[in-house]
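Printed here is target21.cif (mmCIF, C-alpha atoms and all ligand atoms):
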```cif
data_protein
loop_
_atom_site.label_atom_id
_atom_site.label_comp_id
_atom_site.auth_asym_id
_atom_site.auth_seq_id
_atom_site.Cartn_x
_atom_site.Cartn_y
_atom_site.Cartn_z
CA MET A 1 51.40 218.16 88.98
CA CYS A 2 54.55 217.57 90.97
CA THR A 3 56.96 220.31 91.92
CA PRO A 4 60.80 220.19 91.88
CA SER A 5 61.03 220.95 95.61
CA ILE A 6 58.91 217.87 96.32
CA ARG A 7 61.05 215.78 93.99
CA GLN A 8 64.10 216.22 96.21
CA ARG A 9 62.52 214.71 99.31
CA HIS A 10 61.93 211.07 98.38
CA PRO A 11 61.28 208.79 100.26
CA HIS A 12 57.86 210.15 101.06
CA ARG A 13 55.55 208.87 103.76
CA VAL A 14 52.28 207.47 102.43
CA CYS A 15 49.41 206.37 104.64
CA VAL A 16 47.25 203.69 103.01
CA ILE A 17 43.82 203.29 104.60
CA GLY A 18 42.19 199.87 104.15
CA GLY A 19 43.63 196.38 104.58
CA GLY A 20 41.79 194.52 101.85
CA GLY A 21 43.35 193.20 98.67
CA SER A 22 43.61 196.65 97.08
CA GLY A 23 45.41 198.13 100.10
CA ALA A 24 47.69 195.08 100.35
CA ALA A 25 48.78 195.28 96.73
CA LEU A 26 49.19 199.05 96.97
CA ALA A 27 51.35 198.84 100.11
CA TYR A 28 53.61 196.41 98.25
CA ASP A 29 53.81 198.43 95.03
CA LEU A 30 54.54 201.72 96.84
CA SER A 31 57.18 200.02 99.00
CA LEU A 32 58.88 198.60 95.90
CA ARG A 33 59.01 202.14 94.51
CA GLY A 34 60.73 203.44 97.65
CA PHE A 35 57.87 205.04 99.58
CA LEU A 36 57.61 204.71 103.36
CA VAL A 37 54.23 203.06 103.77
CA THR A 38 52.01 202.71 106.81
CA LEU A 39 48.73 200.85 106.27
CA PHE A 40 45.77 201.05 108.65
CA GLU A 41 42.94 198.52 108.76
CA LYS A 42 40.12 198.98 111.22
CA GLY A 43 39.49 195.25 111.63
CA GLU A 44 41.48 192.12 110.87
CA LEU A 45 43.29 192.19 107.51
CA THR A 46 40.89 191.21 104.66
CA SER A 47 37.87 191.55 107.00
CA GLY A 48 36.07 193.84 104.53
CA THR A 49 34.80 192.63 101.17
CA THR A 50 38.06 190.91 100.27
CA GLY A 51 37.78 188.13 102.83
CA ARG A 52 34.21 187.37 101.78
CA HIS A 53 34.36 187.25 98.03
CA HIS A 54 33.51 184.28 95.86
CA GLY A 55 37.08 183.32 95.05
CA GLN A 56 36.73 183.21 91.29
CA LEU A 57 39.94 184.05 89.48
CA HIS A 58 38.17 185.77 86.61
CA SER A 59 39.53 185.02 83.16
CA GLY A 60 37.31 187.91 82.10
CA ALA A 61 34.92 185.66 80.17
CA ARG A 62 32.00 186.81 82.31
CA TYR A 63 32.58 190.40 81.23
CA ALA A 64 33.68 189.87 77.61
CA VAL A 65 30.40 190.59 75.83
CA GLY A 66 29.71 193.72 77.89
CA ASP A 67 33.21 195.18 78.20
CA ARG A 68 36.20 193.83 76.25
CA ASP A 69 38.70 196.06 78.08
CA ILE A 70 37.75 194.76 81.53
CA ALA A 71 37.77 191.22 80.17
CA ARG A 72 41.22 191.66 78.64
CA GLU A 73 42.57 193.11 81.87
CA CYS A 74 41.21 190.16 83.88
CA MET A 75 42.88 187.72 81.49
CA GLU A 76 46.21 189.53 81.73
CA GLU A 77 46.04 189.70 85.50
CA THR A 78 45.15 186.03 85.95
CA LEU A 79 48.34 185.21 84.07
CA VAL A 80 50.36 187.49 86.34
CA LEU A 81 48.76 186.19 89.56
CA ARG A 82 49.24 182.57 88.52
CA ARG A 83 52.95 183.36 88.24
CA ILE A 84 53.50 185.53 91.34
CA VAL A 85 51.16 183.87 93.92
CA PRO A 86 51.02 180.25 92.73
CA ASP A 87 50.40 178.71 96.15
CA ALA A 88 47.16 180.67 96.68
CA ILE A 89 45.64 179.76 93.32
CA GLU A 90 43.91 176.63 92.14
CA TYR A 91 44.06 176.89 88.40
CA ASN A 92 41.23 174.51 87.64
CA GLY A 93 39.60 176.01 84.54
CA GLY A 94 35.97 176.85 84.01
CA VAL A 95 33.00 175.71 81.97
CA PHE A 96 30.14 177.96 80.84
CA ILE A 97 26.98 175.87 80.55
CA ALA A 98 23.89 176.59 78.43
CA THR A 99 20.83 175.22 80.19
CA ASP A 100 18.19 176.28 77.62
CA ASP A 101 17.78 177.47 74.02
CA ALA A 102 18.38 181.14 74.76
CA GLU A 103 21.64 180.34 76.53
CA ALA A 104 22.68 177.98 73.72
CA ASP A 105 22.08 180.81 71.21
CA TYR A 106 24.34 183.09 73.27
CA ALA A 107 27.40 180.85 72.70
CA PRO A 108 28.71 182.27 69.39
CA ALA A 109 28.63 185.90 70.55
CA PHE A 110 30.16 184.87 73.88
CA ILE A 111 33.04 182.94 72.33
CA ALA A 112 33.73 185.67 69.77
CA ALA A 113 33.82 188.35 72.46
CA CYS A 114 36.15 186.27 74.64
CA ASN A 115 38.53 185.66 71.74
CA GLU A 116 38.54 189.37 70.86
CA ALA A 117 39.53 190.09 74.46
CA GLY A 118 42.39 187.59 74.29
CA ILE A 119 40.58 184.89 76.29
CA PRO A 120 41.04 181.49 74.63
CA ALA A 121 37.43 180.31 75.17
CA ARG A 122 36.38 177.37 73.04
CA GLU A 123 33.27 175.27 72.67
CA VAL A 124 33.78 171.66 73.72
CA PRO A 125 31.46 168.69 73.22
CA ILE A 126 29.18 168.28 76.22
CA ALA A 127 30.42 164.73 76.74
CA GLU A 128 34.00 165.96 76.91
CA ALA A 129 33.11 168.69 79.41
CA ARG A 130 31.27 166.12 81.54
CA SER A 131 34.25 163.79 81.40
CA TRP A 132 36.31 166.55 83.04
CA GLU A 133 33.53 167.57 85.38
CA PRO A 134 30.84 164.93 85.96
CA ALA A 135 28.80 167.36 88.11
CA ILE A 136 27.73 169.29 84.99
CA THR A 137 24.01 168.88 84.42
CA PRO A 138 23.18 166.08 81.96
CA THR A 139 20.64 168.43 80.37
CA ALA A 140 23.36 170.90 79.31
CA ARG A 141 22.74 172.24 75.80
CA ARG A 142 26.24 173.59 75.08
CA THR A 143 29.50 173.84 77.01
CA VAL A 144 32.35 176.31 76.59
CA TRP A 145 35.77 176.00 78.27
CA VAL A 146 37.39 179.16 79.66
CA PRO A 147 40.61 179.71 81.66
CA ASP A 148 38.85 180.59 84.95
CA GLY A 149 40.21 179.43 88.28
CA SER A 150 39.76 179.60 92.04
CA PHE A 151 41.86 181.70 94.35
CA ASP A 152 42.02 182.03 98.06
CA ALA A 153 40.42 185.28 99.20
CA PHE A 154 42.66 185.54 102.27
CA ARG A 155 45.94 184.06 101.10
CA VAL A 156 46.50 186.18 97.98
CA PRO A 157 46.36 189.46 99.95
CA LEU A 158 48.46 187.98 102.77
CA SER A 159 51.25 187.31 100.27
CA PHE A 160 51.13 190.96 99.23
CA PHE A 161 51.14 192.05 102.90
CA ALA A 162 54.13 189.79 103.63
CA ALA A 163 56.00 191.24 100.64
CA ALA A 164 55.20 194.82 101.67
CA ARG A 165 56.34 194.20 105.23
CA ARG A 166 59.65 192.71 104.04
CA LEU A 167 60.24 195.98 102.18
CA GLY A 168 59.69 198.00 105.33
CA ALA A 169 55.97 198.78 105.23
CA THR A 170 54.23 199.03 108.58
CA ILE A 171 50.94 197.12 108.55
CA ARG A 172 48.56 198.01 111.37
CA PRO A 173 45.39 195.90 111.61
CA PHE A 174 42.71 196.74 114.20
CA THR A 175 43.59 200.41 113.80
CA GLU A 176 40.83 202.66 112.51
CA VAL A 177 41.43 206.00 110.86
CA VAL A 178 39.03 208.34 112.65
CA SER A 179 40.04 211.65 111.08
CA ILE A 180 42.16 212.97 108.25
CA ASP A 181 44.03 216.26 108.11
CA VAL A 182 44.44 217.53 104.57
CA THR A 183 45.08 221.27 104.72
CA ALA A 184 45.36 223.55 101.68
CA GLY A 185 45.78 220.58 99.36
CA THR A 186 48.52 218.97 101.42
CA ALA A 187 48.12 215.80 103.46
CA ARG A 188 49.42 216.34 106.98
CA SER A 189 48.29 213.43 109.12
CA VAL A 190 45.71 210.80 109.93
CA THR A 191 44.39 210.22 113.42
CA VAL A 192 43.93 206.57 114.33
CA ARG A 193 42.40 204.59 117.17
CA ARG A 194 43.41 201.06 118.09
CA ALA A 195 40.46 198.68 118.59
CA GLY A 196 39.46 198.57 122.25
CA SER A 197 41.35 201.78 123.07
CA ASP A 198 39.99 205.27 123.70
CA HIS A 199 43.39 206.80 122.98
CA ASP A 200 43.88 208.58 119.63
CA GLU A 201 47.24 208.76 117.90
CA ARG A 202 48.28 211.19 115.18
CA VAL A 203 50.43 209.80 112.39
CA ASP A 204 52.12 212.36 110.13
CA CYS A 205 52.36 211.66 106.41
CA ASP A 206 53.01 213.32 103.06
CA TYR A 207 50.17 211.65 101.18
CA ILE A 208 47.12 209.49 101.83
CA VAL A 209 45.48 206.81 99.70
CA SER A 210 42.09 205.48 100.70
CA ALA A 211 41.68 201.88 99.59
CA THR A 212 38.59 201.45 101.71
CA GLY A 213 36.32 199.83 99.14
CA ALA A 214 32.65 200.14 100.04
CA TRP A 215 33.63 202.48 102.93
CA ALA A 216 35.39 204.94 100.60
CA GLY A 217 32.52 207.43 100.75
CA ILE A 218 32.67 207.56 104.55
CA VAL A 219 36.47 207.90 104.60
CA GLY A 220 36.49 210.52 101.82
CA ALA A 221 33.99 212.59 103.78
CA MET A 222 36.45 212.71 106.72
CA ALA A 223 38.66 214.87 104.52
CA GLY A 224 35.75 216.78 103.00
CA PHE A 225 35.83 214.91 99.65
CA ASP A 226 32.85 213.54 97.80
CA VAL A 227 33.59 209.93 96.73
CA PRO A 228 30.92 208.38 94.50
CA VAL A 229 30.84 204.75 95.60
CA THR A 230 27.86 202.40 95.67
CA PRO A 231 28.02 199.54 98.20
CA ALA A 232 26.30 196.65 96.39
CA PRO A 233 25.93 193.55 98.58
CA GLY A 234 25.64 190.02 97.28
CA THR A 235 24.77 186.79 99.08
CA MET A 236 26.75 183.56 98.84
CA VAL A 237 26.05 180.02 100.05
CA ALA A 238 28.79 177.45 100.68
CA VAL A 239 27.94 173.75 100.89
CA ARG A 240 30.21 171.03 102.20
CA GLY A 241 32.28 169.01 99.79
CA ARG A 242 33.55 169.59 96.29
CA VAL A 243 30.45 169.34 94.12
CA THR A 244 32.72 170.38 91.29
CA ASP A 245 36.46 170.83 90.85
CA MET A 246 36.07 173.38 88.05
CA VAL A 247 34.38 176.79 88.09
CA LEU A 248 30.92 176.42 86.56
CA SER A 249 29.09 179.42 85.10
CA ARG A 250 25.83 179.98 83.27
CA LEU A 251 26.28 180.77 79.58
CA ALA A 252 24.35 184.04 79.74
CA PRO A 253 24.91 187.74 80.41
CA PRO A 254 25.99 188.34 84.04
CA GLY A 255 23.08 187.75 86.40
CA ASP A 256 22.27 186.35 89.82
CA GLY A 257 23.17 182.87 91.01
CA ASP A 258 25.17 181.98 87.96
CA ILE A 259 28.58 180.83 89.25
CA ILE A 260 29.73 177.84 91.32
CA VAL A 261 33.29 178.07 92.64
CA PRO A 262 35.12 175.25 94.46
CA GLN A 263 37.09 176.54 97.45
CA ARG A 264 39.21 174.19 99.54
CA GLY A 265 36.68 171.55 100.75
CA LEU A 266 33.61 173.62 99.90
CA SER A 267 31.50 174.61 96.90
CA ILE A 268 30.13 178.16 96.75
CA ILE A 269 27.17 179.39 94.72
CA GLY A 270 26.84 183.12 94.19
CA THR A 271 25.72 185.68 94.03
CA THR A 272 22.97 188.32 94.12
CA GLN A 273 23.01 192.09 93.98
CA ARG A 274 21.26 195.01 95.63
CA VAL A 275 22.45 198.41 96.77
CA VAL A 276 22.68 199.86 100.30
CA ASP A 277 23.76 203.16 101.83
CA ASN A 278 25.89 201.69 104.60
CA PRO A 279 28.27 198.74 104.05
CA ASP A 280 28.38 197.82 107.76
CA GLY A 281 26.27 195.02 109.21
CA ILE A 282 25.15 193.56 105.89
CA LEU A 283 23.21 190.31 106.24
CA PRO A 284 22.12 187.81 103.58
CA ASP A 285 18.47 187.81 102.49
CA ASP A 286 16.60 184.57 103.29
CA ASP A 287 14.97 184.67 99.86
CA ASP A 288 18.41 184.77 98.28
CA VAL A 289 19.42 181.45 99.77
CA ALA A 290 16.57 179.40 98.30
CA PHE A 291 17.06 181.17 94.98
CA LEU A 292 20.81 180.50 94.90
CA LEU A 293 20.44 176.81 95.76
CA ARG A 294 17.82 176.39 93.04
CA ARG A 295 20.07 178.07 90.50
CA ALA A 296 23.05 175.94 91.56
CA ASP A 297 21.04 172.77 90.95
CA GLU A 298 20.41 173.92 87.38
CA LEU A 299 24.16 173.87 86.71
CA ALA A 300 25.10 170.95 88.97
CA PRO A 301 22.13 168.82 90.12
CA GLY A 302 22.39 167.73 93.74
CA PHE A 303 24.15 170.89 94.91
CA SER A 304 21.26 171.81 97.23
CA ALA A 305 21.24 168.35 98.80
CA ARG A 306 24.62 169.03 100.40
CA ALA A 307 24.88 170.30 103.97
CA VAL A 308 25.06 174.07 104.07
CA HIS A 309 28.34 175.18 105.61
CA ALA A 310 27.96 178.97 105.55
CA ILE A 311 25.77 181.78 104.23
CA TRP A 312 27.14 185.30 104.08
CA ALA A 313 27.02 188.61 102.27
CA ALA A 314 29.57 191.22 101.25
CA ALA A 315 29.39 194.59 99.52
CA ARG A 316 30.96 195.31 96.15
CA PRO A 317 32.60 198.74 96.11
CA LEU A 318 31.11 199.88 92.80
CA ALA A 319 32.79 203.03 91.49
CA GLY A 320 29.99 205.49 90.77
CA ALA A 321 26.54 206.46 91.96
CA SER A 322 23.75 203.97 91.21
CA THR A 323 20.30 204.74 89.86
CA GLY A 324 19.13 201.13 90.14
CA ASP A 325 20.50 197.85 91.49
CA GLY A 326 24.08 198.78 90.62
CA ARG A 327 24.32 196.57 87.53
CA GLU A 328 24.42 199.68 85.36
CA ILE A 329 27.73 200.68 86.97
CA SER A 330 30.91 199.46 85.27
CA ARG A 331 33.07 196.86 87.06
CA ASP A 332 36.08 198.99 86.21
CA PHE A 333 38.17 200.68 88.89
CA MET A 334 39.29 204.28 89.21
CA VAL A 335 41.79 206.42 91.06
CA LEU A 336 40.15 209.62 92.24
CA ASP A 337 42.52 212.54 92.71
CA HIS A 338 41.73 214.80 95.67
CA PRO A 339 44.16 217.46 96.87
CA GLY A 340 46.69 215.68 99.09
CA MET A 341 44.90 212.36 98.86
CA ALA A 342 43.61 209.77 96.41
CA THR A 343 40.87 207.16 96.52
CA LEU A 344 41.16 203.76 94.80
CA ILE A 345 37.75 202.16 94.25
CA GLY A 346 35.88 199.65 92.11
CA GLY A 347 37.48 196.76 90.25
CA LYS A 348 37.56 193.23 91.57
CA ALA A 349 39.88 191.03 93.55
CA THR A 350 41.34 189.45 90.40
CA VAL A 351 42.79 192.79 89.31
CA LEU A 352 44.13 193.93 92.70
CA ARG A 353 47.71 194.18 91.35
CA ALA A 354 46.64 196.30 88.37
CA MET A 355 44.55 198.53 90.65
CA ALA A 356 47.57 199.07 92.88
CA GLU A 357 49.78 199.81 89.88
CA LYS A 358 47.50 202.58 88.71
CA ALA A 359 47.22 204.09 92.19
CA ALA A 360 50.99 203.89 92.75
CA ASP A 361 51.60 205.51 89.34
CA HIS A 362 49.35 208.32 90.54
CA VAL A 363 51.32 208.76 93.77
CA CYS A 364 54.59 208.77 91.81
CA GLY A 365 53.12 211.45 89.56
CA VAL A 366 52.24 213.62 92.55
CA PHE A 367 55.82 213.45 93.88
CA CYS A 368 57.73 213.38 90.55
CA VAL A 369 59.12 209.97 91.48
CA ASN A 370 60.36 208.20 88.38
CA GLU A 371 60.08 204.59 89.54
CA PRO A 372 58.37 202.05 87.27
CA CYS A 373 55.97 199.41 88.56
CA ARG A 374 57.81 196.13 89.22
CA THR A 375 55.09 194.08 90.87
CA ARG A 376 54.86 191.76 87.86
CA ASP A 377 58.50 190.83 88.21
CA PHE A 378 58.81 188.95 91.50
CA ILE A 379 57.21 185.85 92.95
CA LEU A 380 55.63 186.89 96.23
CA PRO A 381 56.38 185.27 99.58
CA THR A 382 53.94 182.56 100.54
CA TRP A 383 50.96 183.65 102.66
CA ARG A 384 52.48 181.55 105.48
CA ASP A 385 55.28 184.10 105.74
CA TRP A 386 52.79 186.70 106.88
CA TYR A 387 52.43 184.66 110.08
CA THR A 388 55.84 183.03 110.49
CA GLU A 389 57.92 186.14 109.85
CA ALA A 390 55.99 187.99 112.55
CA LEU A 391 57.17 185.51 115.21
C1 LIG B 401 29.47 188.93 96.70
C2 LIG B 401 30.78 189.28 96.04
C3 LIG B 401 31.48 188.33 95.33
C4 LIG B 401 32.67 188.66 94.69
N1 LIG B 401 33.35 187.70 94.04
C5 LIG B 401 34.50 188.00 93.42
C6 LIG B 401 35.24 187.00 92.74
O1 LIG B 401 34.85 185.84 92.73
N2 LIG B 401 36.39 187.36 92.13
C7 LIG B 401 36.85 188.64 92.13
O2 LIG B 401 37.88 188.91 91.53
N3 LIG B 401 36.18 189.63 92.80
C8 LIG B 401 35.04 189.33 93.44
N4 LIG B 401 34.36 190.30 94.14
C9 LIG B 401 34.89 191.67 94.17
C10 LIG B 401 35.96 191.80 95.25
O3 LIG B 401 35.60 191.12 96.41
C11 LIG B 401 36.20 193.26 95.61
O4 LIG B 401 36.31 194.04 94.46
C12 LIG B 401 37.47 193.43 96.43
O5 LIG B 401 37.52 192.46 97.46
C13 LIG B 401 37.56 194.80 97.03
O6 LIG B 401 38.76 194.89 97.75
P1 LIG B 401 39.16 196.25 98.45
O7 LIG B 401 40.46 196.02 99.09
O8 LIG B 401 39.05 197.35 97.46
O9 LIG B 401 38.00 196.48 99.54
P2 LIG B 401 37.85 195.79 100.99
O10 LIG B 401 38.29 194.39 100.97
O11 LIG B 401 36.46 196.04 101.45
O12 LIG B 401 38.88 196.59 101.87
C14 LIG B 401 38.59 197.86 102.40
C15 LIG B 401 39.00 197.85 103.85
O13 LIG B 401 38.97 199.17 104.37
C16 LIG B 401 38.72 199.04 105.75
N5 LIG B 401 38.32 200.33 106.31
C17 LIG B 401 37.17 201.00 106.07
N6 LIG B 401 37.16 202.15 106.77
C18 LIG B 401 38.33 202.21 107.44
C19 LIG B 401 38.91 203.16 108.34
N7 LIG B 401 38.25 204.29 108.69
N8 LIG B 401 40.13 202.91 108.88
C20 LIG B 401 40.79 201.77 108.55
N9 LIG B 401 40.29 200.84 107.71
C21 LIG B 401 39.08 201.06 107.16
C22 LIG B 401 37.64 197.98 105.81
O14 LIG B 401 37.54 197.39 107.10
C23 LIG B 401 38.07 197.01 104.71
O15 LIG B 401 38.79 195.91 105.25
C24 LIG B 401 33.18 189.98 94.80
C25 LIG B 401 32.48 190.93 95.55
C26 LIG B 401 31.30 190.57 96.17
C27 LIG B 401 30.59 191.58 97.01
#
```

Kindly present the structure from the file in structure tokens form.
Amino acid sequence: MCTPSIRQRHPHRVCVIGGGGSGAALAYDLSLRGFLVTLFEKGELTSGTTGRHHGQLHSGARYAVGDRDIARECMEETLVLRRIVPDAIEYNGGVFIATDDAEADYAPAFIAACNEAGIPAREVPIAEARSWEPAITPTARRTVWVPDGSFDAFRVPLSFFAAARRLGATIRPFTEVVSIDVTAGTARSVTVRRAGSDHDERVDCDYIVSATGAWAGIVGAMAGFDVPVTPAPGTMVAVRGRVTDMVLSRLAPPGDGDIIVPQRGLSIIGTTQRVVDNPDGILPDDDDVAFLLRRADELAPGFSARAVHAIWAAARPLAGASTGDGREISRDFMVLDHPGMATLIGGKATVLRAMAEKAADHVCGVFCVNEPCRTRDFILPTWRDWYTEAL
């Protein structure tokens, strides 16, 4: 609950910890609502999970059977992102492919669930799908079009960072938060250390939001808060060349190695899932690579014959504690309210704007600030402005 004495003091100083997509969108949203924002990122901007994700602009189709609300939210957010960051999105569409009888039988339930969630999925003749995308396996049993797309993992957040900076936010990459002072329910300061320096600096603030993804448990513990987050790494393999210009997915419940995404001059097959305690230093499993290439060939024969460009892994910041491989945890996001601080975790890159909206609503609630979210309303600066406006 906010108090009238707090209401009189806007603008308030908010420290955002974490320079991934969630932190970027939050810095922008809070700045639009009049807060004085300073964002700290311990590495380069987007160097956490954000800069390593698959790059699928999720229409929500993948989630529709399991969770209509998440699917609907993805669909809504793809429409917003296509409007506000057009130069970082390749809106190429997607095809879900049934490769066997079981997958073919899944089509009616899949299409119905998508339509219920507001996703205009529709079955198309295999020949038509292959005329759009000749890479689709000739043994496909059924094909369903969905409004998926590709987006650039780095450029979308950089547009949000550029917009936040124009509004006065201070963005500080290579600056790690090493301790947090929240006393008697009130945020007082964070202590930060610049990379390569042994000098600590205290930065005073009125509120703190941790948007530290898979590191949220570690950062929450600095302030004495328990943050239930499960780092769940996945492996991805990029091969050279555009095997496909559309996003190809397996027509089945979400599993491993079931999506091919074209990204610039590459094609990426992903992903896998396991859980770890520590999100730092995650490496891909060798077994994963052979598995992923085999699965890619089932959707687009010849994928594995391409030269491998890169193999990497990144950790999903799943919101909740896992009892298995993390698949039992929802892909939804949450804003955790701690005294003097909040944590924004979970979700996915496609819904970064919606995640930020919910977190910024929370901060407004704390300070009785009656400013609506306006991040849907404006086209963002191009990602190039992040670099050129700093010169
Ligand atoms: C394999 C894989 C594939 C995925 N593919 C997709 C996809 O195709 N489409 C999609 O929509 N989503 C996808 N996702 C999900 C998406 O990548 C994540 O949900 C999203 O990137 C999380 O962003 P974030 O900003 O919350 O976290 P992060 O990007 O991890 O940002 C958190 C930041 O906090 C920083 N940090 C941590 N501790 C500190 C500290 N003490 N001080 C300062 N900074 C700190 C970290 O360095 C990090 O940069 C994928 C995820 C994985 C793992």

Residues within 12 Å of Gly281 of chain A, all atoms listed in the file, excluding chain neighbours under 6 positions, as a PyMOL selection string:
chain A and resi 48-49+233+312-315

Contacts of chain A with ligand LIG 401 (chain B) up to 6 Å, shortest pair per row, all atoms listed in the file, as a Markdown table:
```
| residue | atom | partner | partner_atom | distance |
| --- | --- | --- | --- | --- |
| A:Ile17 | CA | B:LIG401 | C20 | 5.2 |
| A:Gly18 | CA | B:LIG401 | O13 | 3.3 |
| A:Gly19 | CA | B:LIG401 | O15 | 4.9 |
| A:Gly20 | CA | B:LIG401 | O7 | 3.4 |
| A:Gly21 | CA | B:LIG401 | O7 | 4.1 |
| A:Ser22 | CA | B:LIG401 | O7 | 3.8 |
| A:Gly23 | CA | B:LIG401 | O7 | 5.5 |
| A:Phe40 | CA | B:LIG401 | C20 | 5.0 |
| A:Glu41 | CA | B:LIG401 | N9 | 3.7 |
| A:Lys42 | CA | B:LIG401 | C20 | 3.9 |
| A:Gly43 | CA | B:LIG401 | O14 | 5.4 |
| A:Thr46 | CA | B:LIG401 | O15 | 5.2 |
| A:Ser47 | CA | B:LIG401 | O15 | 4.8 |
| A:Gly48 | CA | B:LIG401 | O15 | 3.5 |
| A:Thr49 | CA | B:LIG401 | O11 | 3.8 |
| A:Thr50 | CA | B:LIG401 | O5 | 3.3 |
| A:His53 | CA | B:LIG401 | C4 | 4.0 |
| A:His54 | CA | B:LIG401 | O1 | 3.7 |
| A:Gly55 | CA | B:LIG401 | O1 | 4.1 |
| A:Gln56 | CA | B:LIG401 | O1 | 3.5 |
| A:Leu57 | CA | B:LIG401 | N2 | 5.5 |
| A:His58 | CA | B:LIG401 | O2 | 5.8 |
| A:Glu176 | CA | B:LIG401 | N8 | 3.7 |
| A:Val177 | CA | B:LIG401 | N8 | 3.9 |
| A:Val178 | CA | B:LIG401 | N7 | 5.7 |
| A:Ala211 | CA | B:LIG401 | O8 | 5.7 |
| A:Thr212 | CA | B:LIG401 | O13 | 3.5 |
| A:Gly213 | CA | B:LIG401 | O9 | 3.8 |
| A:Ala214 | CA | B:LIG401 | O11 | 5.8 |
| A:Trp215 | CA | B:LIG401 | C17 | 5.0 |
| A:Val219 | CA | B:LIG401 | N7 | 5.7 |
| A:Pro233 | CA | B:LIG401 | C27 | 5.3 |
| A:Gly234 | CA | B:LIG401 | C1 | 4.0 |
| A:Thr235 | CA | B:LIG401 | C1 | 5.7 |
| A:Thr271 | CA | B:LIG401 | C1 | 5.6 |
| A:Ala314 | CA | B:LIG401 | C27 | 4.4 |
| A:Ala315 | CA | B:LIG401 | C27 | 4.1 |
| A:Arg316 | CA | B:LIG401 | C27 | 3.8 |
| A:Ile345 | CA | B:LIG401 | O8 | 5.9 |
| A:Gly347 | CA | B:LIG401 | O4 | 5.1 |
| A:Lys348 | CA | B:LIG401 | O4 | 3.3 |
| A:Ala349 | CA | B:LIG401 | O2 | 3.5 |
| A:Thr350 | CA | B:LIG401 | O2 | 3.7 |
```

Between atom CA of Val144 of chain A and atom CA of Ala64 of chain A, distance in Å (one decimal):
13.7 Å

Which is closer to Glu76 of chain A than all the others in A:Gly255, A:Leu292, A:Arg376, A:Ala112, using all atoms listed in the file?
A:Arg376

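What separates atom CA of Asp325 of chain A from atom CA of Asp287 of chain A is a distance of 16.6 Å.
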
Name the residues in contact with Asp29 of chain A at a cut-off of 7 Å, using all atoms listed in the file, excluding same-chain residues fewer than 5 positions from it; report them as a tab-separated table (two decimals) with C-alpha atoms, in the coordinates of the input.
```tsv
chain	number	residue	atom	x	y	z
A	356	ALA	CA	47.57	199.07	92.88
A	357	GLU	CA	49.78	199.81	89.88
A	360	ALA	CA	50.99	203.89	92.75
A	373	CYS	CA	55.97	199.41	88.56
A	375	THR	CA	55.09	194.08	90.87
```

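The gap separating atom CA of Asp67 of chain A from atom CA of Val85 of chain A is 26.4 Å, in Å to one decimal.
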
Using all atoms listed in the file, which of the listed residues (A:Ala140, A:Leu318, A:Ala221, A:Leu380) sits closest to Arg82 of chain A?
A:Leu380

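Residue nearest Ile97 of chain A within the list A:Leu283, A:Cys74, A:Leu336, A:Ile126: A:Ile126 [criterion: smallest interatomic distance, only C-alpha atoms].
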
Shell of 9 Å around Tyr91 of chain A, all atoms listed in the file, local chain residues under 6 positions omitted, as a VMD selection string
chain A and resid 57 82 147 to 151 246
